[in-house]
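Undergrad: The structure file start_14.txt (compact mmCIF, C-alpha atoms) is provided below.
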```
# COMPACT_ATOMS: atom_id res chain seq x y z
CA MET A 1 0.00 0.00 0.00
CA ALA A 2 3.05 2.26 0.27
CA ALA A 3 2.67 3.30 -3.36
CA ASN A 4 -0.77 4.66 -2.58
CA SER A 5 0.16 6.56 0.55
CA GLN A 6 -0.40 9.89 -1.18
CA LEU A 7 -3.72 9.01 -2.72
CA PRO A 8 -5.70 12.27 -2.94
CA ARG A 9 -8.54 12.63 -0.48
CA ARG A 10 -11.02 13.11 -3.31
CA ILE A 11 -10.21 9.65 -4.68
CA ILE A 12 -10.48 8.06 -1.24
CA LYS A 13 -13.91 9.67 -0.74
CA GLU A 14 -15.19 8.64 -4.15
CA THR A 15 -13.99 5.08 -3.62
CA GLN A 16 -15.68 4.81 -0.24
CA ARG A 17 -18.96 6.03 -1.68
CA LEU A 18 -18.77 3.72 -4.70
CA LEU A 19 -18.36 0.78 -2.34
CA SER A 20 -20.96 1.83 0.26
CA GLU A 21 -23.65 3.18 -2.09
CA PRO A 22 -23.18 1.54 -5.48
CA ALA A 23 -25.36 2.83 -8.34
CA PRO A 24 -27.92 0.27 -9.58
CA GLY A 25 -26.42 -2.13 -12.09
CA ILE A 26 -22.89 -0.80 -11.56
CA SER A 27 -20.04 -1.96 -9.38
CA ALA A 28 -16.53 -0.57 -9.16
CA SER A 29 -13.77 -1.63 -6.83
CA PRO A 30 -10.11 -0.61 -6.73
CA SER A 31 -7.29 -3.10 -7.30
CA GLU A 32 -5.36 -4.10 -4.22
CA ASP A 33 -2.02 -3.04 -5.63
CA ASN A 34 -3.16 0.13 -7.39
CA LEU A 35 -5.91 2.21 -5.83
CA ARG A 36 -6.25 4.33 -9.00
CA TYR A 37 -7.11 1.25 -11.05
CA PHE A 38 -10.70 -0.04 -10.79
CA ASN A 39 -12.38 -3.24 -11.84
CA VAL A 40 -15.80 -2.24 -13.09
CA MET A 41 -18.92 -4.19 -13.92
CA ILE A 42 -21.95 -2.74 -15.68
CA LEU A 43 -25.16 -4.67 -16.28
CA GLY A 44 -26.74 -4.20 -19.70
CA PRO A 45 -29.72 -1.83 -19.23
CA THR A 46 -33.22 -3.28 -19.51
CA GLN A 47 -34.98 -2.60 -22.83
CA SER A 48 -31.63 -2.33 -24.58
CA PRO A 49 -29.97 -4.90 -26.85
CA TYR A 50 -27.49 -5.45 -24.01
CA GLU A 51 -30.12 -6.53 -21.46
CA GLY A 52 -29.00 -9.64 -19.61
CA GLY A 53 -25.35 -8.91 -20.36
CA VAL A 54 -22.64 -8.46 -17.75
CA TYR A 55 -19.93 -6.10 -18.97
CA LYS A 56 -16.46 -5.91 -17.48
CA LEU A 57 -14.55 -2.66 -17.79
CA GLU A 58 -11.35 -1.21 -16.41
CA LEU A 59 -10.94 2.36 -15.21
CA PHE A 60 -7.81 4.31 -14.35
CA LEU A 61 -7.49 7.68 -12.66
CA PRO A 62 -4.49 9.43 -14.21
CA GLU A 63 -2.19 11.59 -12.16
CA GLU A 64 -4.03 14.75 -13.30
CA TYR A 65 -7.43 13.46 -12.10
CA PRO A 66 -9.81 15.21 -11.39
CA MET A 67 -8.43 17.88 -13.73
CA ALA A 68 -8.32 15.20 -16.43
CA ALA A 69 -10.97 12.56 -17.12
CA PRO A 70 -10.66 8.95 -15.97
CA LYS A 71 -9.55 6.47 -18.63
CA VAL A 72 -12.08 3.72 -19.20
CA ARG A 73 -12.47 0.82 -21.58
CA PHE A 74 -14.60 -2.29 -22.02
CA LEU A 75 -12.93 -5.65 -21.53
CA THR A 76 -16.04 -7.53 -22.64
CA LYS A 77 -16.64 -7.68 -26.38
CA ILE A 78 -19.64 -5.52 -27.33
CA TYR A 79 -21.42 -4.62 -30.58
CA HIS A 80 -22.00 -0.89 -30.20
CA PRO A 81 -21.34 2.01 -32.64
CA ASN A 82 -19.54 4.09 -30.02
CA ILE A 83 -17.26 1.35 -28.68
CA ASP A 84 -14.39 -0.04 -30.75
CA LYS A 85 -12.76 -3.47 -30.91
CA LEU A 86 -10.32 -2.58 -28.16
CA GLY A 87 -13.17 -1.49 -25.90
CA ARG A 88 -12.38 2.19 -26.24
CA ILE A 89 -15.41 4.40 -25.70
CA CYS A 90 -16.46 7.49 -27.65
CA LEU A 91 -18.14 9.66 -25.05
CA ASP A 92 -17.86 13.45 -24.85
CA ILE A 93 -17.39 13.62 -21.07
CA LEU A 94 -14.34 11.38 -21.38
CA LYS A 95 -12.82 13.87 -23.82
CA ASP A 96 -13.50 17.58 -24.30
CA LYS A 97 -16.64 17.74 -22.13
CA TRP A 98 -14.88 16.48 -19.02
CA SER A 99 -15.28 18.63 -15.93
CA PRO A 100 -13.77 18.10 -12.48
CA ALA A 101 -17.33 18.34 -11.14
CA LEU A 102 -17.96 14.92 -12.68
CA GLN A 103 -16.96 11.75 -10.84
CA ILE A 104 -16.26 8.08 -11.38
CA ARG A 105 -19.92 7.41 -10.60
CA THR A 106 -21.22 9.90 -13.18
CA VAL A 107 -18.84 8.51 -15.79
CA LEU A 108 -20.08 4.98 -15.23
CA LEU A 109 -23.73 6.10 -15.26
CA SER A 110 -23.06 7.87 -18.58
CA ILE A 111 -21.56 4.70 -20.03
CA GLN A 112 -24.60 2.75 -18.85
CA ALA A 113 -26.80 5.37 -20.54
CA LEU A 114 -24.75 5.07 -23.73
CA LEU A 115 -25.70 1.39 -23.84
CA SER A 116 -29.36 2.42 -23.79
CA ALA A 117 -28.85 5.05 -26.46
CA PRO A 118 -26.28 4.11 -29.11
CA ASN A 119 -25.34 7.10 -31.24
CA PRO A 120 -24.36 5.99 -34.77
CA ASP A 121 -23.93 9.63 -35.86
CA ASP A 122 -20.79 9.97 -33.74
CA PRO A 123 -19.20 6.61 -34.37
CA LEU A 124 -16.01 5.05 -33.17
CA ALA A 125 -16.63 1.67 -34.74
CA GLU A 126 -17.35 2.81 -38.32
CA ASP A 127 -18.55 -0.56 -39.62
CA ILE A 128 -20.99 -1.04 -36.76
CA ALA A 129 -22.31 2.52 -37.10
CA LYS A 130 -22.88 1.94 -40.82
CA GLN A 131 -24.82 -1.23 -40.10
CA TRP A 132 -26.80 0.61 -37.42
CA LYS A 133 -27.88 3.33 -39.86
CA GLU A 134 -28.60 1.04 -42.79
CA ASP A 135 -30.56 -1.64 -40.98
CA GLU A 136 -31.17 -0.90 -37.32
CA ALA A 137 -33.22 -4.05 -36.71
CA LYS A 138 -30.38 -6.21 -37.96
CA ALA A 139 -27.80 -4.27 -35.92
CA VAL A 140 -29.89 -4.66 -32.77
CA ALA A 141 -30.20 -8.40 -33.47
CA THR A 142 -26.41 -8.66 -33.80
CA ALA A 143 -25.92 -6.69 -30.58
CA LYS A 144 -28.30 -9.11 -28.79
CA GLU A 145 -26.44 -12.07 -30.22
CA TRP A 146 -23.09 -10.71 -29.01
CA THR A 147 -24.64 -10.10 -25.58
CA ARG A 148 -25.60 -13.80 -25.41
CA GLN A 149 -22.29 -14.95 -26.79
CA TYR A 150 -19.74 -12.76 -25.01
CA ALA A 151 -21.36 -10.99 -22.05
CA GLN A 152 -22.49 -13.75 -19.75
CA GLY A 153 -20.12 -12.74 -16.92
CA MET B 1 11.77 1.73 -8.93
CA GLN B 2 8.75 3.69 -7.81
CA ALA B 3 8.83 6.25 -5.09
CA ALA B 4 5.98 6.26 -2.62
CA GLY B 5 3.01 8.15 -4.02
CA ASP B 6 3.98 7.68 -7.64
CA VAL B 7 1.11 7.08 -10.02
CA VAL B 8 1.47 3.73 -11.75
CA VAL B 9 -0.23 3.45 -15.15
CA PRO B 10 -1.61 -0.11 -15.46
CA ARG B 11 -0.48 -2.36 -18.33
CA ASN B 12 -3.51 -2.00 -20.59
CA PHE B 13 -3.75 1.78 -20.36
CA ARG B 14 -0.02 2.04 -20.93
CA LEU B 15 -0.33 -0.08 -24.08
CA LEU B 16 -3.27 2.04 -25.28
CA GLU B 17 -1.07 5.14 -24.94
CA GLU B 18 1.70 3.39 -26.85
CA LEU B 19 -0.75 2.35 -29.56
CA GLU B 20 -1.94 5.92 -30.03
CA LYS B 21 1.62 7.16 -30.24
CA GLY B 22 2.50 4.47 -32.78
CA GLU B 23 -0.56 5.34 -34.88
CA LYS B 24 0.32 9.03 -34.93
CA GLY B 25 3.92 8.27 -35.83
CA PHE B 26 7.02 9.76 -34.27
CA GLY B 27 10.56 10.77 -35.06
CA ASP B 28 11.77 10.68 -38.66
CA GLY B 29 9.81 7.57 -39.57
CA THR B 30 12.80 5.22 -39.60
CA VAL B 31 11.13 3.30 -36.80
CA SER B 32 7.43 2.45 -36.61
CA TYR B 33 5.24 -0.06 -34.82
CA GLY B 34 1.64 -1.17 -34.50
CA MET B 35 -0.56 -3.93 -33.14
CA ASP B 36 -0.73 -7.22 -35.01
CA ASP B 37 -4.28 -8.17 -34.22
CA GLN B 38 -6.78 -5.31 -33.95
CA ASP B 39 -9.19 -7.70 -32.20
CA ASP B 40 -6.81 -8.67 -29.42
CA ILE B 41 -8.24 -7.01 -26.32
CA MET B 42 -5.03 -7.86 -24.41
CA MET B 43 -2.86 -6.03 -26.98
CA SER B 44 -0.03 -8.57 -26.65
CA SER B 45 1.34 -8.89 -30.13
CA TRP B 46 3.04 -6.06 -32.04
CA THR B 47 5.10 -5.63 -35.17
CA GLY B 48 7.83 -3.05 -35.54
CA THR B 49 9.61 -1.91 -38.68
CA ILE B 50 13.13 -0.60 -38.52
CA ILE B 51 14.98 0.99 -41.42
CA GLY B 52 18.68 0.23 -41.25
CA PRO B 53 20.77 3.28 -40.35
CA SER B 54 22.84 4.86 -43.08
CA ASN B 55 26.60 4.30 -43.11
CA THR B 56 26.20 0.79 -41.70
CA VAL B 57 25.92 -2.58 -43.40
CA HIS B 58 22.19 -2.31 -42.67
CA ASP B 59 21.83 0.90 -44.72
CA GLY B 60 18.49 1.02 -46.54
CA ARG B 61 17.37 -2.41 -45.38
CA ILE B 62 13.96 -2.82 -43.82
CA TYR B 63 13.79 -5.09 -40.82
CA SER B 64 10.62 -6.46 -39.32
CA VAL B 65 10.44 -7.40 -35.63
CA LYS B 66 7.75 -9.10 -33.58
CA ILE B 67 7.29 -7.74 -30.08
CA HIS B 68 5.33 -9.71 -27.50
CA CYS B 69 4.14 -7.82 -24.43
CA GLY B 70 3.20 -10.36 -21.77
CA GLU B 71 1.02 -9.92 -18.70
CA GLN B 72 3.95 -8.55 -16.71
CA TYR B 73 4.62 -5.76 -19.20
CA PRO B 74 5.71 -2.99 -18.58
CA ASN B 75 7.11 -4.27 -15.28
CA GLY B 76 8.85 -6.99 -17.24
CA PRO B 77 10.46 -6.60 -20.69
CA PRO B 78 8.74 -7.70 -23.89
CA ILE B 79 10.08 -10.57 -26.01
CA VAL B 80 11.59 -9.29 -29.24
CA ARG B 81 12.22 -11.39 -32.33
CA PHE B 82 13.52 -10.43 -35.76
CA VAL B 83 11.36 -11.78 -38.57
CA SER B 84 13.84 -10.56 -41.18
CA ARG B 85 17.19 -12.32 -41.28
CA ILE B 86 19.85 -10.23 -39.63
CA VAL B 87 23.35 -10.91 -38.40
CA LEU B 88 23.85 -9.16 -35.08
CA ASN B 89 25.62 -10.29 -31.92
CA SER B 90 22.54 -10.02 -29.76
CA VAL B 91 20.26 -11.88 -32.17
CA ASN B 92 19.88 -15.64 -31.96
CA GLN B 93 20.67 -16.89 -35.45
CA GLN B 94 18.31 -19.86 -35.18
CA ASN B 95 15.08 -18.07 -34.34
CA GLY B 96 15.77 -14.34 -34.56
CA THR B 97 15.12 -13.72 -30.85
CA VAL B 98 16.96 -10.79 -29.32
CA GLU B 99 18.91 -12.26 -26.39
CA PRO B 100 18.30 -10.15 -23.27
CA ARG B 101 21.76 -11.14 -21.96
CA SER B 102 23.49 -9.37 -24.79
CA PHE B 103 21.03 -6.51 -25.08
CA PRO B 104 21.29 -4.26 -22.00
CA LEU B 105 17.95 -2.51 -22.53
CA LEU B 106 16.13 -5.83 -22.08
CA ALA B 107 18.45 -7.12 -19.37
CA ASN B 108 18.06 -3.93 -17.33
CA TRP B 109 14.45 -3.28 -18.24
CA ASN B 110 12.47 -0.70 -16.28
CA ARG B 111 8.82 0.19 -16.63
CA ASN B 112 9.50 3.62 -18.08
CA TYR B 113 10.84 1.99 -21.24
CA THR B 114 8.36 1.61 -24.08
CA ILE B 115 8.09 -0.23 -27.37
CA GLU B 116 9.38 2.97 -28.96
CA THR B 117 12.44 3.11 -26.67
CA LEU B 118 13.11 -0.46 -27.62
CA ALA B 119 12.77 -0.04 -31.38
CA VAL B 120 14.74 3.20 -31.51
CA CYS B 121 17.43 1.63 -29.35
CA ARG B 122 17.42 -1.47 -31.51
CA ARG B 123 18.13 0.73 -34.48
CA SER B 124 20.92 2.71 -32.86
CA SER B 125 22.53 -0.44 -31.47
CA LYS B 126 23.30 -1.38 -35.01
CA ARG B 127 25.88 1.36 -34.89
CA ARG B 128 27.12 0.63 -31.40
CA ASN B 129 27.13 -2.63 -29.57
CA ALA B 130 25.01 -1.52 -26.69
CA CYS B 131 22.24 0.91 -25.98
CA THR B 132 21.72 2.01 -22.42
```
Can you turn what I pasted into structure tokens?
TA:
Amino acid sequence: MAANSQLPRRIIKETQRLLSEPAPGISASPSEDNLRYFNVMILGPTQSPYEGGVYKLELFLPEEYPMAAPKVRFLTKIYHPNIDKLGRICLDILKDKWSPALQIRTVLLSIQALLSAPNPDDPLAEDIAKQWKEDEAKAVATAKEWTRQYAQG
Amino acid sequence: MQAAGDVVVPRNFRLLEELEKGEKGFGDGTVSYGMDDQDDIMMSSWTGTIIGPSNTVHDGRIYSVKIHCGEQYPNGPPIVRFVSRIVLNSVNQQNGTVEPRSFPLLANWNRNYTIETLAVCRRSSKRRNACT
């Protein structure tokens, strides 16, 4: 734990609250050997193609946090126009819309919301976005299939 | 070595940073690298391209290397193997593997070294015997 002896108070507070009052369908816990590195789990939102899926993510608070956004990516394979093959997420608050008033919790809630509302007009995975715009029913069916195949926890 | 309170970037986020740097390109373009398998969520397998430095026997040659970043990376060094045939002291002539014993950067690896450090050093070590 010596390496974390200077962990900022803000991070300690956020971590405590994440553990004591987790948001519905979201869990986040820090690694034992690196308290800036979180194992995250998000349940696929109901009424979305990801319903019934359990998604693993990893989150890291860079040295500049909270002046810079957390870094987050999916470890579970997911068919979504705003998430690429390496699990990187296209979300404004993780980039230019980041504000220190936001927190780990709000970031994870926004990612959960992104699963409910895919945005093919601002794509990261071009091929998936194209499919989404051309034939949404087929894209949703593929997303459901991937949920069954890859996101069963 | 990390001092108390240092922020340690975990393996995967470190490799994502390295990937972005490799995609943007750096230096004079004589060294480049990228991921082998765009679907590999663990980002383990990389290929680097090194253009032989001028005024050496490697002048103008293009060498391809495979770089494997294991689970311990960047705490532990990657495994580096030449795909192109090359005669160098530190390269095993049977399989192209760069021998850590004769390549100080690998032998004395520290987590601040990157794939770029490695490839650039690999290139310059063709002039000198060691790169430290």
Undergrad: Could you check which of B:Leu16, B:Ile50, B:Val91, B:Ile41 is closest to chain A, using only C-alpha atoms?
TA: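 Closest candidate: B:Ile41.
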Undergrad: With distances taken over only C-alpha atoms, which residue among A:Pro24, A:Gln103, A:Leu61, A:Asp96 lies nearest Leu43 of chain A?
TA: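 Closest to Leu43 of chain A, using only C-alpha atoms: A:Pro24.
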Undergrad: Based on all atoms listed in the file, which of the residues in chain A come within 12 Å of chain B? I want them as a JSON list (two decimals) with C-alpha atoms, keeping the file's coordinate frame.
TA:
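Written file, part35.json:
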```json
[["chain", "number", "residue", "atom", "x", "y", "z"],
["A", 1, "MET", "CA", 0.00, 0.00, 0.00],
["A", 2, "ALA", "CA", 3.05, 2.26, 0.27],
["A", 3, "ALA", "CA", 2.67, 3.30, -3.36],
["A", 4, "ASN", "CA", -0.77, 4.66, -2.58],
["A", 5, "SER", "CA", 0.16, 6.56, 0.55],
["A", 6, "GLN", "CA", -0.40, 9.89, -1.18],
["A", 7, "LEU", "CA", -3.72, 9.01, -2.72],
["A", 8, "PRO", "CA", -5.70, 12.27, -2.94],
["A", 31, "SER", "CA", -7.29, -3.10, -7.30],
["A", 33, "ASP", "CA", -2.02, -3.04, -5.63],
["A", 34, "ASN", "CA", -3.16, 0.13, -7.39],
["A", 35, "LEU", "CA", -5.91, 2.21, -5.83],
["A", 36, "ARG", "CA", -6.25, 4.33, -9.00],
["A", 37, "TYR", "CA", -7.11, 1.25, -11.05],
["A", 38, "PHE", "CA", -10.70, -0.04, -10.79],
["A", 39, "ASN", "CA", -12.38, -3.24, -11.84],
["A", 57, "LEU", "CA", -14.55, -2.66, -17.79],
["A", 58, "GLU", "CA", -11.35, -1.21, -16.41],
["A", 59, "LEU", "CA", -10.94, 2.36, -15.21],
["A", 60, "PHE", "CA", -7.81, 4.31, -14.35],
["A", 61, "LEU", "CA", -7.49, 7.68, -12.66],
["A", 62, "PRO", "CA", -4.49, 9.43, -14.21],
["A", 63, "GLU", "CA", -2.19, 11.59, -12.16],
["A", 64, "GLU", "CA", -4.03, 14.75, -13.30],
["A", 65, "TYR", "CA", -7.43, 13.46, -12.10],
["A", 70, "PRO", "CA", -10.66, 8.95, -15.97],
["A", 71, "LYS", "CA", -9.55, 6.47, -18.63],
["A", 72, "VAL", "CA", -12.08, 3.72, -19.20],
["A", 73, "ARG", "CA", -12.47, 0.82, -21.58],
["A", 74, "PHE", "CA", -14.60, -2.29, -22.02],
["A", 75, "LEU", "CA", -12.93, -5.65, -21.53],
["A", 76, "THR", "CA", -16.04, -7.53, -22.64],
["A", 77, "LYS", "CA", -16.64, -7.68, -26.38],
["A", 78, "ILE", "CA", -19.64, -5.52, -27.33],
["A", 84, "ASP", "CA", -14.39, -0.04, -30.75],
["A", 85, "LYS", "CA", -12.76, -3.47, -30.91],
["A", 86, "LEU", "CA", -10.32, -2.58, -28.16],
["A", 87, "GLY", "CA", -13.17, -1.49, -25.90],
["A", 88, "ARG", "CA", -12.38, 2.19, -26.24]]
```
Undergrad: Residues within 7 Å of segment 107-121 of chain A, please, as a PyMOL selection string. Count only C-alpha atoms; anything in the same chain fewer than 6 positions from it doesn't count.
TA: chain A and resi 42+45+48+80-82+129+132-133
Undergrad: Atom CA of Val65 of chain B and atom CA of Val83 of chain B are how many Å apart?
TA: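 It comes out at 5.4 Å.
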Undergrad: For Ala141 of chain A, please output as a list in words all residues within 12 Å (counting all atoms listed in the file; exclusion window: fewer than 2 positions along the same chain).
TA: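 With the cut-off at 12 Å, the set is Ser48, Pro49, Tyr50, Tyr79, His80, Gln131, Trp132, Asp135, Glu136, Ala137, Lys138, Ala139, Ala143, Lys144, Glu145, Trp146, Thr147 and Arg148 of chain A.
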Undergrad: From the set B:Thr56, B:Ser32, B:Ile62, B:Arg14, which residue has the shortest atom-to-atom contact distance to Asn112 of chain B, counting only C-alpha atoms?
TA: B:Arg14
Undergrad: Find the distance between atom CA of Ser54 of chain B and atom CA of Val31 of chain B and write it in Å to one decimal.
TA: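 Here the two named atoms are 13.4 Å from each other.
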Undergrad: Quick one, how far is atom CA of Gly153 of chain A from atom CA of Val54 of chain A?
TA: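 Calculated distance between atom CA of Gly153 of chain A and atom CA of Val54 of chain A is 5.0 Å.
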Undergrad: With only C-alpha atoms as the counted atoms, please give the residues lying no more than 6 Å from Met41 of chain A, apart from itself and same-chain residues fewer than 5 positions off, as a list of chain:residue names.
TA: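 Here the qualifying residues turn out to be A:Ile26, A:Ser27, A:Tyr55, A:Lys56.
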Undergrad: Give me the residues within 12 Å of segment 20-29 of chain B as a VMD selection string, counting only C-alpha atoms and dropping any in the same chain fewer than 5 places off.
TA: (chain A and resid 88) or (chain B and resid 13 to 15 34 to 35 46 to 53 62 114 to 117 119 to 120 123)
Undergrad: Could you please take those selected residues and save C-alpha atoms as a PDB file, in the coordinates of the input?
TA:
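Contents of result.pdb, freshly written:
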```
ATOM      1  CA  ARG A  88     -12.380   2.190 -26.240  1.00  0.00           C
TER       2      ARG A  88
ATOM      3  CA  PHE B  13      -3.750   1.780 -20.360  1.00  0.00           C
ATOM      4  CA  ARG B  14      -0.020   2.040 -20.930  1.00  0.00           C
ATOM      5  CA  LEU B  15      -0.330  -0.080 -24.080  1.00  0.00           C
ATOM      6  CA  GLY B  34       1.640  -1.170 -34.500  1.00  0.00           C
ATOM      7  CA  MET B  35      -0.560  -3.930 -33.140  1.00  0.00           C
ATOM      8  CA  TRP B  46       3.040  -6.060 -32.040  1.00  0.00           C
ATOM      9  CA  THR B  47       5.100  -5.630 -35.170  1.00  0.00           C
ATOM     10  CA  GLY B  48       7.830  -3.050 -35.540  1.00  0.00           C
ATOM     11  CA  THR B  49       9.610  -1.910 -38.680  1.00  0.00           C
ATOM     12  CA  ILE B  50      13.130  -0.600 -38.520  1.00  0.00           C
ATOM     13  CA  ILE B  51      14.980   0.990 -41.420  1.00  0.00           C
ATOM     14  CA  GLY B  52      18.680   0.230 -41.250  1.00  0.00           C
ATOM     15  CA  PRO B  53      20.770   3.280 -40.350  1.00  0.00           C
ATOM     16  CA  ILE B  62      13.960  -2.820 -43.820  1.00  0.00           C
ATOM     17  CA  THR B 114       8.360   1.610 -24.080  1.00  0.00           C
ATOM     18  CA  ILE B 115       8.090  -0.230 -27.370  1.00  0.00           C
ATOM     19  CA  GLU B 116       9.380   2.970 -28.960  1.00  0.00           C
ATOM     20  CA  THR B 117      12.440   3.110 -26.670  1.00  0.00           C
ATOM     21  CA  ALA B 119      12.770  -0.040 -31.380  1.00  0.00           C
ATOM     22  CA  VAL B 120      14.740   3.200 -31.510  1.00  0.00           C
ATOM     23  CA  ARG B 123      18.130   0.730 -34.480  1.00  0.00           C
TER      24      ARG B 123
END
```
Undergrad: Given the choices B:Ser84, B:Gln72, B:Thr97, B:Ser90, which gets closest to Arg111 of chain B if the distance is worked out from only C-alpha atoms?
TA: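 For Arg111 of chain B, the nearest of the given residues is B:Gln72.
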Undergrad: Would you kindly return, as a list in words, each protein, DNA or RNA residue with an atom no farther than 8 Å from any atom of Phe82 of chain B, considering all atoms listed in the file and excluding same-chain residues fewer than 3 positions away?
TA: Tyr63, Ser64, Val65, Lys66, Arg85, Ile86, Val91, Asn95, Gly96, Thr97 and Val98 of chain B
Undergrad: Would you mind exporting C-alpha atoms of the selected residues as a PDB file, in the coordinates of the input?
TA:
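part-v3.pdb, written as the output of this step:
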```pdb
ATOM      1  CA  TYR B  63      13.790  -5.090 -40.820  1.00  0.00           C
ATOM      2  CA  SER B  64      10.620  -6.460 -39.320  1.00  0.00           C
ATOM      3  CA  VAL B  65      10.440  -7.400 -35.630  1.00  0.00           C
ATOM      4  CA  LYS B  66       7.750  -9.100 -33.580  1.00  0.00           C
ATOM      5  CA  ARG B  85      17.190 -12.320 -41.280  1.00  0.00           C
ATOM      6  CA  ILE B  86      19.850 -10.230 -39.630  1.00  0.00           C
ATOM      7  CA  VAL B  91      20.260 -11.880 -32.170  1.00  0.00           C
ATOM      8  CA  ASN B  95      15.080 -18.070 -34.340  1.00  0.00           C
ATOM      9  CA  GLY B  96      15.770 -14.340 -34.560  1.00  0.00           C
ATOM     10  CA  THR B  97      15.120 -13.720 -30.850  1.00  0.00           C
ATOM     11  CA  VAL B  98      16.960 -10.790 -29.320  1.00  0.00           C
TER      12      VAL B  98
END
```
Undergrad: Counting only C-alpha atoms, select every polymer residue within 7 Å of (6.3, -10.9, -29.9) as defined in the file's coordinates, and provide the selection as a short mmCIF file (atom, residue, chain, number, x, y, z; two decimals) with C-alpha atoms, keeping the file's coordinate frame.
TA:
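out39.cif, written as the output of this step:
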```cif
data_model
loop_
_atom_site.label_atom_id
_atom_site.label_comp_id
_atom_site.auth_asym_id
_atom_site.auth_seq_id
_atom_site.Cartn_x
_atom_site.Cartn_y
_atom_site.Cartn_z
CA SER B 45 1.34 -8.89 -30.13
CA TRP B 46 3.04 -6.06 -32.04
CA LYS B 66 7.75 -9.10 -33.58
CA ILE B 67 7.29 -7.74 -30.08
CA HIS B 68 5.33 -9.71 -27.50
CA CYS B 69 4.14 -7.82 -24.43
CA ILE B 79 10.08 -10.57 -26.01
CA VAL B 80 11.59 -9.29 -29.24
CA ARG B 81 12.22 -11.39 -32.33
#
```
Undergrad: Hey, could you pull the box centre and edge lengths for segment 63-66 of chain B, axis-aligned, 8 Å padding per side, all listed atoms, to one decimal in Å, as JSON?
TA:
```
{"center_x": 10.8, "center_y": -7.1, "center_z": -37.2, "size_x": 22.0, "size_y": 20.0, "size_z": 23.2}
```
Undergrad: Hey, which of A:Thr106, A:Gln47, A:Gln152, A:Ser29 ends up closest to Leu94 of chain A? Count all atoms listed in the file.
TA: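 Of A:Thr106, A:Gln47, A:Gln152, A:Ser29, the one nearest Leu94 of chain A is A:Thr106, counting all atoms listed in the file.
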Undergrad: Could segment 8-12 of chain A be completed with all heavy atoms and written as a PDB file, in the coordinates of the input, please?
TA:
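Once written, selection.pdb looks like this:
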```
ATOM      1  N   PRO A   8      -4.950  11.059  -3.290  1.00  0.00           N
ATOM      2  CA  PRO A   8      -5.700  12.270  -2.940  1.00  0.00           C
ATOM      3  C   PRO A   8      -7.007  11.938  -2.203  1.00  0.00           C
ATOM      4  O   PRO A   8      -7.645  10.925  -2.477  1.00  0.00           O
ATOM      5  CB  PRO A   8      -5.982  12.914  -4.295  1.00  0.00           C
ATOM      6  CG  PRO A   8      -4.959  12.366  -5.212  1.00  0.00           C
ATOM      7  CD  PRO A   8      -4.666  10.981  -4.721  1.00  0.00           C
ATOM      8  N   ARG A   9      -7.363  12.824  -1.302  1.00  0.00           N
ATOM      9  CA  ARG A   9      -8.540  12.630  -0.480  1.00  0.00           C
ATOM     10  C   ARG A   9      -9.802  12.458  -1.341  1.00  0.00           C
ATOM     11  O   ARG A   9     -10.689  11.674  -1.036  1.00  0.00           O
ATOM     12  CB  ARG A   9      -8.688  13.865   0.426  1.00  0.00           C
ATOM     13  CG  ARG A   9      -9.646  13.669   1.552  1.00  0.00           C
ATOM     14  CD  ARG A   9      -9.637  14.861   2.506  1.00  0.00           C
ATOM     15  NE  ARG A   9     -10.885  14.871   3.266  1.00  0.00           N
ATOM     16  CZ  ARG A   9     -11.148  13.999   4.235  1.00  0.00           C
ATOM     17  NH1 ARG A   9     -10.264  13.085   4.556  1.00  0.00           N
ATOM     18  NH2 ARG A   9     -12.313  14.031   4.877  1.00  0.00           N
ATOM     19  N   ARG A  10      -9.850  13.202  -2.423  1.00  0.00           N
ATOM     20  CA  ARG A  10     -11.020  13.110  -3.310  1.00  0.00           C
ATOM     21  C   ARG A  10     -11.217  11.672  -3.798  1.00  0.00           C
ATOM     22  O   ARG A  10     -12.324  11.165  -3.872  1.00  0.00           O
ATOM     23  CB  ARG A  10     -10.830  14.070  -4.487  1.00  0.00           C
ATOM     24  CG  ARG A  10     -11.492  13.626  -5.756  1.00  0.00           C
ATOM     25  CD  ARG A  10     -12.414  14.655  -6.313  1.00  0.00           C
ATOM     26  NE  ARG A  10     -13.081  14.135  -7.490  1.00  0.00           N
ATOM     27  CZ  ARG A  10     -13.654  14.892  -8.395  1.00  0.00           C
ATOM     28  NH1 ARG A  10     -13.639  16.196  -8.268  1.00  0.00           N
ATOM     29  NH2 ARG A  10     -14.260  14.348  -9.425  1.00  0.00           N
ATOM     30  N   ILE A  11     -10.115  11.019  -4.168  1.00  0.00           N
ATOM     31  CA  ILE A  11     -10.210   9.650  -4.680  1.00  0.00           C
ATOM     32  C   ILE A  11     -10.641   8.698  -3.559  1.00  0.00           C
ATOM     33  O   ILE A  11     -11.475   7.817  -3.767  1.00  0.00           O
ATOM     34  CB  ILE A  11      -8.863   9.216  -5.326  1.00  0.00           C
ATOM     35  CG1 ILE A  11      -8.566  10.097  -6.542  1.00  0.00           C
ATOM     36  CG2 ILE A  11      -8.901   7.740  -5.712  1.00  0.00           C
ATOM     37  CD1 ILE A  11      -7.260   9.790  -7.246  1.00  0.00           C
ATOM     38  N   ILE A  12     -10.095   8.904  -2.388  1.00  0.00           N
ATOM     39  CA  ILE A  12     -10.480   8.060  -1.240  1.00  0.00           C
ATOM     40  C   ILE A  12     -11.981   8.187  -0.991  1.00  0.00           C
ATOM     41  O   ILE A  12     -12.696   7.192  -0.848  1.00  0.00           O
ATOM     42  CB  ILE A  12      -9.677   8.467   0.017  1.00  0.00           C
ATOM     43  CG1 ILE A  12      -8.180   8.192  -0.214  1.00  0.00           C
ATOM     44  CG2 ILE A  12     -10.184   7.720   1.253  1.00  0.00           C
ATOM     45  CD1 ILE A  12      -7.256   8.758   0.846  1.00  0.00           C
TER      46      ILE A  12
END
```
